[in-house]
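This report concerns only the one structure given below.
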Amino acid sequence: MINIGVIGYGYWGPNLVRNFAETPGANLAAVSDLDPAKLATVQKRYPAVKTSTDFRDMLKDPSVDAIAVATPVNTHFELGMAALKAGKHLWLEKPMTESSEQARKLIDEAQRRKLVLIVDHTFIYTGAVRKMKELISSGELGKVLYYDSIRVNLGLFQRDVSVISDLAVHDFSILDYLLGEHPVAVSANGTNHFPGTPENLAYVTLFYDSGTIAHANVSWLAPVKVRQILVGGSKKMITYDDLEPSEKIKIYDKGVSLTTDPEQIQEMRVGYRTGDMWAPKLIGTEALRVEGEHFVDCIEHHKVPHTDGQLGLRVVELIEATSSSMRRKIRRNGETIDIKRQEKVA
Ligand SMILES: NC(=O)c1ccc[n+]([C@@H]2O[C@H](COP(=O)([O-])OP(=O)(O)OC[C@H]3O[C@@H](n4cnc5c(N)ncnc54)[C@H](O)[C@@H]3O)[C@@H](O)[C@H]2O)c1
């Protein structure tokens, strides 16, 4: 049984607490939050769980094997490092850290101490994203030509991070998982409509060596909530609507082919294929449950998590490159930034 403590019981923390409390092989041992009123709610729901406003109580507790950090991003490094130094396996919320330098230090520390470090990029554990991966890996989709995402809604405006760290981060992790390739360049335009606050709207384009192009439109200033992704392959295409209750993924046997006959090339013969559409059955288990079980399995059997520190680091590097492109002087906003190839952390 892996005893897990959770730091942070705000918006996302309760989802972790609920899942760890129900995950086979895991025991929800402790919860910490700065707000005693939030801890009172935990006590009412889970009377056997230790609670404290001081996260250090968890570090000192030898019965706690692992710690999940679900606090604001600017605290991840400090809390994560303290947990590792206390010998605890670590679950860090996305994005992993504020800077890639901090991410590298955490990866290093976890490796040195042989501790599991998982970054909660939840989408990777959803049935929908797993299905997309399967379709791409099996070759059914063909070559991935493009990925186009819209992730917009009204709020929640955040004071410490931009809409990139809040929303585009999901596309960065999904793309990393689906393509298994790091982009070589990024161009981003974004703005904050309220002075003194981080960007609340952004359009991000990522370029890949393979020729795949990806785009994400992210915003906290939309009248409706939209969570849609299109993936265009040379053989088939996918639509993914995360708000759709049952048929989230639809596969279209649609595409275009140009004639390769040299005699007809001048006429540019374009053939359109409009075949069937179907919606595959997806695994319905809650992603956090799948991820929680995976975390326990990694700890028990010394495995590397699907969303390990390296993936977390690549995502943070992309946030940095995107922010850098977006924050050039307004005239040059959107300037393409070459992405430095990730040096592997020893
Ligand atoms: N995986 C996902 O899909 C997903 C979704 C939402 C949020 N998140 C991530 O979860 C993290 C938290 O986001 P949120 O929206 O829940 O924030 P939040 O502000 O609602 O909650 C953070 C909580 O942490 C507590 N806290 C802060 N410092 C603390 C400390 N030193 N010790 C104990 N408690 C402390 C605060 O009191 C607060 O209750 C962020 O990294 C965010 O990006 C992930």
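We name chains A, B, ... following the order of the structure tokens; residues begin at 1 in each chain, and ligands are numbered from 1 as shown.
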Legend entry - Protein and nucleic acid residues within 6 Å of ligand 1 (only C-alpha atoms and all ligand atoms) as a ChimeraX atom specification: /A:7-13,32-35,55,70-73,93-95,120-122,166
Inset, instruction - Would you kindly return, as a ChimeraX atom specification, each protein, DNA or RNA residue with an atom no farther than 9 Å from any atom of A:Val129, considering only C-alpha atoms and excluding same-chain residues fewer than 6 positions away? - result: /A:123,174,177-178,240,249
Legend entry - All residues 6 Å or closer to A:Leu230, only C-alpha atoms, same chain fewer than 6 positions away omitted, as JSON, numbers by chain: {"A": [147, 148, 238, 239]}
Inset, instruction - For atom CA of A:Ile124 and atom CA of A:Asp241, quote the distance in Å rounded to one decimal. - result: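 So the two atoms, atom CA of A:Ile124 and atom CA of A:Asp241, lie 15.3 Å apart.
Using only C-alpha atoms for every distance, the candidate list A:Ala128, A:Leu92, A:Ile339, A:Leu156 yields A:Ala128 as the residue closest to A:Ile229.
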Inset, instruction - Using atom CA of A:Asp209 and atom CA of A:Asp242 as the two end points, give the distance in Å to one decimal. - result: 28.3 Å
Which residues of stretch 79-152 of chain A come within 12 Å of stretch 180-204 of chain A, and what is each one's closest atom pair and distance in Å (one decimal), counting only C-alpha atoms, sorted by chain and residue number, as a Markdown table?
```
| residue | atom | partner | partner_atom | distance |
| --- | --- | --- | --- | --- |
| A:Lys133 | CA | A:Gly180 | CA | 9.9 |
| A:Ile136 | CA | A:Gly180 | CA | 10.6 |
| A:Ser137 | CA | A:Gly180 | CA | 10.0 |
| A:Val144 | CA | A:Glu181 | CA | 11.6 |
| A:Tyr147 | CA | A:Val204 | CA | 11.5 |
| A:Asp148 | CA | A:Val204 | CA | 10.1 |
| A:Ser149 | CA | A:Val204 | CA | 9.8 |
| A:Ile150 | CA | A:Tyr203 | CA | 9.5 |
| A:Arg151 | CA | A:Leu201 | CA | 10.2 |
| A:Val152 | CA | A:Leu201 | CA | 8.7 |
```
For A:Ser52, please output as a CSV table (one decimal) with all heavy atoms, in the first residue's frame all residues within 12 Å (counting only C-alpha atoms; exclusion window: fewer than 2 positions along the same chain).
```csv
chain,number,residue,atom,x,y,z
A,5,GLY,N,0.3,11.7,0.3
A,5,GLY,CA,-0.2,13.0,0.9
A,5,GLY,C,-0.4,14.0,-0.2
A,5,GLY,O,0.3,13.9,-1.2
A,6,VAL,N,-1.4,14.8,-0.1
A,6,VAL,CA,-1.7,15.8,-1.1
A,6,VAL,C,-1.5,17.2,-0.5
A,6,VAL,O,-2.0,17.5,0.6
A,6,VAL,CB,-3.1,15.7,-1.6
A,6,VAL,CG1,-3.5,16.8,-2.6
A,6,VAL,CG2,-3.4,14.3,-2.2
A,7,ILE,N,-0.7,18.1,-1.2
A,7,ILE,CA,-0.5,19.5,-0.7
A,7,ILE,C,-1.4,20.3,-1.7
A,7,ILE,O,-1.1,20.3,-2.9
A,7,ILE,CB,0.9,19.9,-0.8
A,7,ILE,CG1,1.8,18.9,0.0
A,7,ILE,CG2,1.1,21.3,-0.2
A,7,ILE,CD1,3.3,19.3,0.0
A,8,GLY,N,-2.3,21.1,-1.2
A,8,GLY,CA,-3.1,22.0,-2.0
A,8,GLY,C,-4.5,21.4,-2.2
A,8,GLY,O,-4.7,20.3,-2.8
A,9,TYR,N,-5.5,22.0,-1.6
A,9,TYR,CA,-6.9,21.5,-1.7
A,9,TYR,C,-7.8,22.7,-2.1
A,9,TYR,O,-8.7,23.1,-1.5
A,9,TYR,CB,-7.4,21.0,-0.3
A,9,TYR,CG,-8.6,20.1,-0.3
A,9,TYR,CD1,-8.5,18.8,-0.8
A,9,TYR,CD2,-9.8,20.6,0.0
A,9,TYR,CE1,-9.6,18.0,-0.8
A,9,TYR,CE2,-11.0,19.8,0.0
A,9,TYR,CZ,-10.9,18.5,-0.4
A,9,TYR,OH,-12.0,17.7,-0.5
A,29,ALA,N,-3.2,9.4,2.8
A,29,ALA,CA,-2.7,9.5,4.2
A,29,ALA,C,-2.8,10.9,4.8
A,29,ALA,O,-3.1,11.0,6.0
A,29,ALA,CB,-1.3,9.0,4.3
A,30,ALA,N,-2.6,11.9,4.0
A,30,ALA,CA,-2.5,13.2,4.6
A,30,ALA,C,-2.9,14.3,3.6
A,30,ALA,O,-2.7,14.1,2.4
A,30,ALA,CB,-1.1,13.5,5.1
A,31,VAL,N,-3.4,15.4,4.0
A,31,VAL,CA,-3.7,16.5,3.2
A,31,VAL,C,-3.3,17.8,3.9
A,31,VAL,O,-3.5,18.0,5.1
A,31,VAL,CB,-5.3,16.6,2.8
A,31,VAL,CG1,-5.6,17.9,2.0
A,31,VAL,CG2,-5.8,15.4,2.1
A,32,SER,N,-2.6,18.7,3.1
A,32,SER,CA,-2.2,20.0,3.6
A,32,SER,C,-2.8,21.1,2.8
A,32,SER,O,-2.8,21.0,1.5
A,32,SER,CB,-0.7,20.0,3.7
A,32,SER,OG,-0.3,21.4,4.0
A,33,ASP,N,-3.3,22.2,3.4
A,33,ASP,CA,-3.6,23.4,2.7
A,33,ASP,C,-3.4,24.5,3.7
A,33,ASP,O,-3.5,24.3,4.9
A,33,ASP,CB,-5.1,23.4,2.2
A,33,ASP,CG,-5.3,24.4,1.2
A,33,ASP,OD1,-5.4,25.6,1.5
A,33,ASP,OD2,-5.4,24.1,0.0
A,34,LEU,N,-3.2,25.7,3.2
A,34,LEU,CA,-3.0,26.9,4.1
A,34,LEU,C,-4.2,27.3,4.7
A,34,LEU,O,-4.2,27.9,5.8
A,34,LEU,CB,-2.4,28.1,3.2
A,34,LEU,CG,-1.1,27.9,2.5
A,34,LEU,CD1,-0.7,29.1,1.7
A,34,LEU,CD2,0.0,27.6,3.6
A,35,ASP,N,-5.4,26.9,4.2
A,35,ASP,CA,-6.7,27.4,4.6
A,35,ASP,C,-7.3,26.3,5.6
A,35,ASP,O,-7.7,25.2,5.1
A,35,ASP,CB,-7.6,27.6,3.4
A,35,ASP,CG,-8.9,28.2,3.8
A,35,ASP,OD1,-9.2,28.2,5.0
A,35,ASP,OD2,-9.7,28.5,2.9
A,36,PRO,N,-7.4,26.6,6.9
A,36,PRO,CA,-8.0,25.6,7.8
A,36,PRO,C,-9.5,25.2,7.4
A,36,PRO,O,-9.9,24.1,7.7
A,36,PRO,CB,-8.0,26.3,9.1
A,36,PRO,CG,-7.1,27.4,9.0
A,36,PRO,CD,-7.1,27.8,7.6
A,37,ALA,N,-10.2,26.1,6.8
A,37,ALA,CA,-11.6,25.8,6.4
A,37,ALA,C,-11.6,24.7,5.4
A,37,ALA,O,-12.5,23.8,5.4
A,37,ALA,CB,-12.3,27.1,5.9
A,38,LYS,N,-10.7,24.7,4.5
A,38,LYS,CA,-10.6,23.6,3.4
A,38,LYS,C,-10.2,22.3,4.1
A,38,LYS,O,-10.8,21.3,3.7
A,38,LYS,CB,-9.6,24.0,2.4
A,38,LYS,CG,-10.1,25.1,1.5
A,38,LYS,CD,-9.1,25.5,0.4
A,38,LYS,CE,-9.7,26.6,-0.5
A,38,LYS,NZ,-8.6,27.4,-1.1
A,39,LEU,N,-9.4,22.4,5.1
A,39,LEU,CA,-9.0,21.1,5.8
A,39,LEU,C,-10.1,20.6,6.6
A,39,LEU,O,-10.3,19.3,6.7
A,39,LEU,CB,-7.8,21.4,6.7
A,39,LEU,CG,-6.5,21.8,5.9
A,39,LEU,CD1,-5.3,22.0,6.9
A,39,LEU,CD2,-6.1,20.7,5.0
A,40,ALA,N,-11.0,21.4,7.1
A,40,ALA,CA,-12.2,21.0,7.8
A,40,ALA,C,-13.1,20.2,6.9
A,40,ALA,O,-13.6,19.1,7.3
A,40,ALA,CB,-12.9,22.2,8.4
A,42,VAL,N,-12.0,18.4,4.4
A,42,VAL,CA,-11.3,17.1,4.2
A,42,VAL,C,-11.6,16.2,5.4
A,42,VAL,O,-12.0,15.0,5.2
A,42,VAL,CB,-9.8,17.3,4.1
A,42,VAL,CG1,-9.1,16.0,4.0
A,42,VAL,CG2,-9.5,18.2,2.9
A,43,GLN,N,-11.5,16.7,6.6
A,43,GLN,CA,-11.7,16.0,7.8
A,43,GLN,C,-13.1,15.4,7.9
A,43,GLN,O,-13.3,14.2,8.3
A,43,GLN,CB,-11.5,16.9,9.0
A,43,GLN,CG,-10.1,17.1,9.4
A,43,GLN,CD,-9.5,16.0,10.2
A,43,GLN,OE1,-9.7,16.0,11.4
A,43,GLN,NE2,-8.9,15.0,9.6
A,49,VAL,N,-7.9,10.7,7.7
A,49,VAL,CA,-6.8,11.4,7.0
A,49,VAL,C,-6.2,12.5,7.9
A,49,VAL,O,-6.9,13.3,8.5
A,49,VAL,CB,-7.2,12.0,5.7
A,49,VAL,CG1,-6.2,12.9,5.1
A,49,VAL,CG2,-7.6,10.9,4.7
A,50,LYS,N,-4.8,12.5,8.0
A,50,LYS,CA,-4.2,13.6,8.8
A,50,LYS,C,-4.2,14.9,8.0
A,50,LYS,O,-3.9,14.9,6.8
A,50,LYS,CB,-2.7,13.2,9.1
A,50,LYS,CG,-2.5,12.0,9.9
A,50,LYS,CD,-1.0,11.6,10.0
A,50,LYS,CE,-0.8,10.2,10.4
A,50,LYS,NZ,0.5,9.7,10.1
A,54,ASP,N,0.6,23.1,7.7
A,54,ASP,CA,2.1,23.1,7.4
A,54,ASP,C,2.5,21.8,6.7
A,54,ASP,O,2.5,20.7,7.2
A,54,ASP,CB,2.8,23.2,8.8
A,54,ASP,CG,4.3,23.4,8.5
A,54,ASP,OD1,4.8,23.3,7.4
A,54,ASP,OD2,5.0,23.7,9.5
A,55,PHE,N,2.8,22.0,5.4
A,55,PHE,CA,3.1,20.8,4.6
A,55,PHE,C,4.4,20.0,5.1
A,55,PHE,O,4.5,18.9,4.8
A,55,PHE,CB,3.4,21.2,3.1
A,55,PHE,CG,4.7,21.9,2.9
A,55,PHE,CD1,5.8,21.1,2.5
A,55,PHE,CD2,4.9,23.2,3.0
A,55,PHE,CE1,7.1,21.7,2.2
A,55,PHE,CE2,6.1,23.9,2.8
A,55,PHE,CZ,7.2,23.1,2.4
A,56,ARG,N,5.2,20.7,5.9
A,56,ARG,CA,6.4,20.0,6.5
A,56,ARG,C,6.0,18.9,7.4
A,56,ARG,O,6.8,17.9,7.6
A,56,ARG,CB,7.3,21.0,7.2
A,56,ARG,CG,8.0,21.9,6.2
A,56,ARG,CD,8.7,23.0,6.8
A,56,ARG,NE,7.7,23.9,7.4
A,56,ARG,CZ,8.0,25.2,7.8
A,56,ARG,NH1,9.2,25.7,7.7
A,56,ARG,NH2,7.1,25.9,8.3
A,57,ASP,N,4.8,18.9,8.0
A,57,ASP,CA,4.4,17.8,8.8
A,57,ASP,C,4.4,16.5,8.0
A,57,ASP,O,4.7,15.4,8.5
A,57,ASP,CB,3.0,18.0,9.4
A,57,ASP,CG,3.0,19.1,10.4
A,57,ASP,OD1,4.1,19.4,11.0
A,57,ASP,OD2,2.0,19.7,10.7
A,58,MET,N,4.0,16.6,6.7
A,58,MET,CA,3.9,15.5,5.8
A,58,MET,C,5.3,14.9,5.5
A,58,MET,O,5.5,13.8,5.4
A,58,MET,CB,3.3,16.0,4.5
A,58,MET,CG,2.3,15.0,3.9
A,58,MET,SD,1.7,15.8,2.4
A,58,MET,CE,0.3,16.6,2.9
A,59,LEU,N,6.2,15.9,5.4
A,59,LEU,CA,7.6,15.5,5.0
A,59,LEU,C,8.3,14.7,6.1
A,59,LEU,O,9.0,13.8,5.9
A,59,LEU,CB,8.5,16.8,4.7
A,59,LEU,CG,8.0,17.7,3.7
A,59,LEU,CD1,9.1,18.8,3.5
A,59,LEU,CD2,7.8,17.0,2.4
A,61,ASP,N,6.7,12.9,8.3
A,61,ASP,CA,6.0,11.6,8.6
A,61,ASP,C,6.5,10.4,7.8
A,61,ASP,O,6.4,10.4,6.6
A,61,ASP,CB,4.5,11.8,8.2
A,61,ASP,CG,3.6,10.7,8.6
A,61,ASP,OD1,4.2,9.6,8.8
A,61,ASP,OD2,2.4,10.9,8.6
```
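If you look at atom CA of A:Gly80 and atom CA of A:Gln310, they are 15.2 Å away from each other.
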Inset, instruction - Determine which residues of stretch 254-338 of chain A DSSP labels as alpha helix (DSSP H) from the backbone of this structure, then write them out as a PyMOL selection string. - result: chain A and resi 287-301+309-326
Can those selected residues be exported to a file as a short mmCIF file (atom, residue, chain, number, x, y, z; two decimals), in the first residue's frame so that it contains N, CA, C and O atoms?
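again-v4.cif, freshly written:
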```cif
data_model
loop_
_atom_site.label_atom_id
_atom_site.label_comp_id
_atom_site.auth_asym_id
_atom_site.auth_seq_id
_atom_site.Cartn_x
_atom_site.Cartn_y
_atom_site.Cartn_z
N ALA A 287 -9.64 9.67 -16.11
CA ALA A 287 -8.21 9.75 -16.41
C ALA A 287 -7.36 9.78 -15.13
O ALA A 287 -6.31 9.14 -15.05
N LEU A 288 -7.83 10.52 -14.12
CA LEU A 288 -7.03 10.63 -12.88
C LEU A 288 -6.93 9.28 -12.16
O LEU A 288 -5.96 9.03 -11.46
N ARG A 289 -7.96 8.44 -12.33
CA ARG A 289 -7.90 7.12 -11.73
C ARG A 289 -6.83 6.27 -12.42
O ARG A 289 -6.01 5.61 -11.79
N VAL A 290 -6.85 6.33 -13.77
CA VAL A 290 -5.86 5.59 -14.56
C VAL A 290 -4.46 6.06 -14.17
O VAL A 290 -3.54 5.27 -13.95
N GLU A 291 -4.31 7.38 -14.06
CA GLU A 291 -3.01 7.97 -13.75
C GLU A 291 -2.56 7.61 -12.33
O GLU A 291 -1.39 7.32 -12.09
N GLY A 292 -3.52 7.62 -11.39
CA GLY A 292 -3.21 7.27 -10.00
C GLY A 292 -2.70 5.83 -9.91
O GLY A 292 -1.70 5.55 -9.23
N GLU A 293 -3.37 4.92 -10.61
CA GLU A 293 -2.96 3.51 -10.60
C GLU A 293 -1.58 3.36 -11.24
O GLU A 293 -0.75 2.58 -10.79
N HIS A 294 -1.36 4.14 -12.29
CA HIS A 294 -0.06 4.11 -12.99
C HIS A 294 1.05 4.61 -12.05
O HIS A 294 2.14 4.02 -11.99
N PHE A 295 0.76 5.66 -11.29
CA PHE A 295 1.73 6.22 -10.33
C PHE A 295 2.13 5.15 -9.31
O PHE A 295 3.32 4.90 -9.05
N VAL A 296 1.11 4.47 -8.76
CA VAL A 296 1.36 3.42 -7.77
C VAL A 296 2.19 2.29 -8.39
O VAL A 296 3.17 1.81 -7.81
N ASP A 297 1.83 1.91 -9.62
CA ASP A 297 2.55 0.84 -10.32
C ASP A 297 4.02 1.24 -10.55
O ASP A 297 4.93 0.42 -10.38
N CYS A 298 4.24 2.49 -10.92
CA CYS A 298 5.61 2.97 -11.16
C CYS A 298 6.44 2.92 -9.88
O CYS A 298 7.61 2.56 -9.90
N ILE A 299 5.80 3.29 -8.75
CA ILE A 299 6.51 3.28 -7.46
C ILE A 299 6.84 1.83 -7.06
O ILE A 299 7.96 1.50 -6.71
N GLU A 300 5.82 0.96 -7.20
CA GLU A 300 6.02 -0.42 -6.75
C GLU A 300 6.99 -1.20 -7.62
O GLU A 300 7.71 -2.07 -7.14
N HIS A 301 6.98 -0.91 -8.91
CA HIS A 301 7.79 -1.72 -9.84
C HIS A 301 8.91 -0.93 -10.51
O HIS A 301 9.41 -1.35 -11.56
N GLY A 309 9.28 13.32 -15.75
CA GLY A 309 9.84 14.65 -15.66
C GLY A 309 10.32 15.17 -17.02
O GLY A 309 10.24 16.36 -17.31
N GLN A 310 10.82 14.25 -17.86
CA GLN A 310 11.33 14.69 -19.17
C GLN A 310 10.20 15.27 -20.02
O GLN A 310 10.37 16.28 -20.69
N LEU A 311 9.03 14.63 -20.00
CA LEU A 311 7.89 15.18 -20.74
C LEU A 311 7.49 16.52 -20.13
O LEU A 311 7.25 17.50 -20.85
N GLY A 312 7.46 16.55 -18.78
CA GLY A 312 7.13 17.80 -18.09
C GLY A 312 8.08 18.92 -18.49
O GLY A 312 7.67 20.05 -18.73
N LEU A 313 9.37 18.58 -18.59
CA LEU A 313 10.39 19.56 -18.97
C LEU A 313 10.17 20.05 -20.41
O LEU A 313 10.25 21.26 -20.67
N ARG A 314 9.90 19.12 -21.32
CA ARG A 314 9.68 19.53 -22.72
C ARG A 314 8.51 20.51 -22.81
O ARG A 314 8.54 21.47 -23.57
N VAL A 315 7.47 20.26 -22.01
CA VAL A 315 6.31 21.15 -22.01
C VAL A 315 6.70 22.53 -21.47
O VAL A 315 6.32 23.56 -22.04
N VAL A 316 7.48 22.55 -20.38
CA VAL A 316 7.91 23.84 -19.82
C VAL A 316 8.77 24.60 -20.83
O VAL A 316 8.65 25.82 -21.00
N GLU A 317 9.65 23.87 -21.54
CA GLU A 317 10.48 24.52 -22.57
C GLU A 317 9.61 25.15 -23.66
O GLU A 317 9.91 26.23 -24.16
N LEU A 318 8.52 24.46 -24.00
CA LEU A 318 7.62 25.01 -25.02
C LEU A 318 6.88 26.25 -24.51
O LEU A 318 6.66 27.20 -25.25
N ILE A 319 6.51 26.22 -23.23
CA ILE A 319 5.86 27.39 -22.63
C ILE A 319 6.82 28.58 -22.70
O ILE A 319 6.44 29.69 -23.07
N GLU A 320 8.09 28.33 -22.39
CA GLU A 320 9.09 29.41 -22.43
C GLU A 320 9.27 29.95 -23.84
O GLU A 320 9.29 31.17 -24.06
N ALA A 321 9.39 29.05 -24.82
CA ALA A 321 9.59 29.49 -26.21
C ALA A 321 8.36 30.26 -26.71
O ALA A 321 8.47 31.29 -27.39
N THR A 322 7.17 29.74 -26.36
CA THR A 322 5.93 30.39 -26.79
C THR A 322 5.82 31.78 -26.18
O THR A 322 5.48 32.76 -26.87
N SER A 323 6.11 31.88 -24.88
CA SER A 323 6.01 33.17 -24.20
C SER A 323 7.01 34.15 -24.79
O SER A 323 6.72 35.34 -24.95
N SER A 324 8.19 33.65 -25.15
CA SER A 324 9.22 34.51 -25.72
C SER A 324 8.76 35.05 -27.07
O SER A 324 8.90 36.25 -27.36
N SER A 325 8.16 34.21 -27.90
CA SER A 325 7.65 34.65 -29.22
C SER A 325 6.53 35.68 -29.03
O SER A 325 6.48 36.69 -29.71
N MET A 326 5.67 35.41 -28.05
CA MET A 326 4.48 36.24 -27.85
C MET A 326 4.83 37.61 -27.27
O MET A 326 4.12 38.58 -27.47
#
```
Inset, instruction - Show which residues sit within 8 Å of A:Lys88, as number ranges by chain. Count only C-alpha atoms, and ignore same-chain residues fewer than 5 positions away. - result: A: 59, 64-67, 83, 115
Legend entry - Surrounding residues of A:Arg273 excluding itself and chain neighbours under 3 positions, 10 Å, only C-alpha atoms, as a ChimeraX atom specification: /A:235-236,252-257,270,276
Inset, instruction - Would you mind writing down, as an NGL selection string, each residue of stretch 77-313 of chain A that DSSP on the backbone assigns to strand (DSSP E or B)? - result: :A and (89-93 or 117-120 or 144-154 or 185-191 or 201-207 or 213-219 or 221-233 or 237-241 or 249-258 or 270-278 or 308)
Please produce an output containing C-alpha atoms for each residue in the selection, written as a PDB file, in the first residue's frame.
```pdb
ATOM      1  CA  HIS A  89       7.990  10.036  -4.550  1.00  0.00           C
ATOM      2  CA  LEU A  90       6.528  13.067  -6.295  1.00  0.00           C
ATOM      3  CA  TRP A  91       3.363  13.859  -8.276  1.00  0.00           C
ATOM      4  CA  LEU A  92       3.528  17.394  -9.623  1.00  0.00           C
ATOM      5  CA  GLU A  93       0.633  19.239 -11.172  1.00  0.00           C
ATOM      6  CA  LEU A 117       8.523  11.817 -10.554  1.00  0.00           C
ATOM      7  CA  ILE A 118       5.240  12.039 -12.442  1.00  0.00           C
ATOM      8  CA  VAL A 119       3.797  15.235 -13.935  1.00  0.00           C
ATOM      9  CA  ASP A 120       0.020  15.382 -14.089  1.00  0.00           C
ATOM     10  CA  VAL A 144      -0.037  13.474 -39.548  1.00  0.00           C
ATOM     11  CA  LEU A 145      -0.389  16.622 -41.649  1.00  0.00           C
ATOM     12  CA  TYR A 146      -1.830  18.963 -39.040  1.00  0.00           C
ATOM     13  CA  TYR A 147      -3.255  19.319 -35.511  1.00  0.00           C
ATOM     14  CA  ASP A 148      -5.668  22.155 -34.845  1.00  0.00           C
ATOM     15  CA  SER A 149      -7.078  22.877 -31.393  1.00  0.00           C
ATOM     16  CA  ILE A 150      -9.585  25.327 -29.934  1.00  0.00           C
ATOM     17  CA  ARG A 151      -9.613  25.541 -26.149  1.00  0.00           C
ATOM     18  CA  VAL A 152     -11.641  28.585 -25.123  1.00  0.00           C
ATOM     19  CA  ASN A 153     -14.097  29.587 -22.377  1.00  0.00           C
ATOM     20  CA  LEU A 154     -14.950  32.497 -20.080  1.00  0.00           C
ATOM     21  CA  ALA A 185      10.054  26.247 -33.942  1.00  0.00           C
ATOM     22  CA  VAL A 186       7.128  28.160 -32.506  1.00  0.00           C
ATOM     23  CA  SER A 187       5.362  31.350 -33.464  1.00  0.00           C
ATOM     24  CA  ALA A 188       2.825  32.840 -31.086  1.00  0.00           C
ATOM     25  CA  ASN A 189       0.608  35.899 -30.916  1.00  0.00           C
ATOM     26  CA  GLY A 190      -1.158  36.779 -27.738  1.00  0.00           C
ATOM     27  CA  THR A 191      -2.492  39.637 -25.715  1.00  0.00           C
ATOM     28  CA  LEU A 201      -5.775  35.009 -25.373  1.00  0.00           C
ATOM     29  CA  ALA A 202      -3.176  33.426 -27.657  1.00  0.00           C
ATOM     30  CA  TYR A 203      -2.717  31.786 -31.039  1.00  0.00           C
ATOM     31  CA  VAL A 204       0.220  29.385 -31.083  1.00  0.00           C
ATOM     32  CA  THR A 205       1.729  27.646 -34.128  1.00  0.00           C
ATOM     33  CA  LEU A 206       4.264  24.844 -33.773  1.00  0.00           C
ATOM     34  CA  PHE A 207       6.460  23.562 -36.590  1.00  0.00           C
ATOM     35  CA  ILE A 213       2.089  21.829 -38.348  1.00  0.00           C
ATOM     36  CA  ALA A 214       0.103  22.360 -35.137  1.00  0.00           C
ATOM     37  CA  HIS A 215      -2.029  25.271 -33.996  1.00  0.00           C
ATOM     38  CA  ALA A 216      -3.733  26.069 -30.704  1.00  0.00           C
ATOM     39  CA  ASN A 217      -6.248  28.854 -30.120  1.00  0.00           C
ATOM     40  CA  VAL A 218      -6.568  29.392 -26.365  1.00  0.00           C
ATOM     41  CA  SER A 219      -8.609  32.007 -24.540  1.00  0.00           C
ATOM     42  CA  LEU A 221     -12.416  35.517 -23.056  1.00  0.00           C
ATOM     43  CA  ALA A 222     -14.920  33.439 -25.023  1.00  0.00           C
ATOM     44  CA  PRO A 223     -18.696  33.481 -24.528  1.00  0.00           C
ATOM     45  CA  VAL A 224     -18.909  29.698 -24.832  1.00  0.00           C
ATOM     46  CA  LYS A 225     -16.757  26.775 -23.812  1.00  0.00           C
ATOM     47  CA  VAL A 226     -15.143  24.924 -26.727  1.00  0.00           C
ATOM     48  CA  ARG A 227     -12.728  22.002 -26.495  1.00  0.00           C
ATOM     49  CA  GLN A 228     -12.178  20.733 -30.012  1.00  0.00           C
ATOM     50  CA  ILE A 229      -9.218  19.209 -31.821  1.00  0.00           C
ATOM     51  CA  LEU A 230      -8.884  18.243 -35.484  1.00  0.00           C
ATOM     52  CA  VAL A 231      -6.101  15.920 -36.563  1.00  0.00           C
ATOM     53  CA  GLY A 232      -5.638  15.628 -40.314  1.00  0.00           C
ATOM     54  CA  GLY A 233      -3.829  12.547 -41.576  1.00  0.00           C
ATOM     55  CA  MET A 237      -8.938  12.512 -40.174  1.00  0.00           C
ATOM     56  CA  ILE A 238     -10.099  12.768 -36.553  1.00  0.00           C
ATOM     57  CA  THR A 239     -12.316  15.191 -34.682  1.00  0.00           C
ATOM     58  CA  TYR A 240     -12.134  15.215 -30.885  1.00  0.00           C
ATOM     59  CA  ASP A 241     -14.796  17.104 -28.952  1.00  0.00           C
ATOM     60  CA  ILE A 249     -13.751  10.928 -31.111  1.00  0.00           C
ATOM     61  CA  LYS A 250     -14.972  10.647 -34.684  1.00  0.00           C
ATOM     62  CA  ILE A 251     -12.863   9.184 -37.464  1.00  0.00           C
ATOM     63  CA  TYR A 252     -13.509  10.312 -41.017  1.00  0.00           C
ATOM     64  CA  ASP A 253     -12.388   8.333 -44.026  1.00  0.00           C
ATOM     65  CA  LYS A 254     -11.880  11.581 -45.923  1.00  0.00           C
ATOM     66  CA  GLY A 255      -8.924  12.969 -47.784  1.00  0.00           C
ATOM     67  CA  VAL A 256      -7.494  14.465 -50.917  1.00  0.00           C
ATOM     68  CA  SER A 257      -5.180  13.053 -53.543  1.00  0.00           C
ATOM     69  CA  LEU A 258      -3.444  14.849 -56.377  1.00  0.00           C
ATOM     70  CA  VAL A 270      -7.605  16.643 -57.362  1.00  0.00           C
ATOM     71  CA  GLY A 271      -9.500  13.652 -56.078  1.00  0.00           C
ATOM     72  CA  TYR A 272     -11.658  13.944 -52.955  1.00  0.00           C
ATOM     73  CA  ARG A 273     -12.390  10.876 -50.896  1.00  0.00           C
ATOM     74  CA  THR A 274     -15.501  11.110 -48.746  1.00  0.00           C
ATOM     75  CA  GLY A 275     -15.978   7.750 -47.095  1.00  0.00           C
ATOM     76  CA  ASP A 276     -17.513   6.638 -43.806  1.00  0.00           C
ATOM     77  CA  MET A 277     -17.417   8.268 -40.413  1.00  0.00           C
ATOM     78  CA  TRP A 278     -17.455   6.262 -37.189  1.00  0.00           C
ATOM     79  CA  ASP A 308       7.685  11.658 -16.518  1.00  0.00           C
TER      80      ASP A 308
END
```
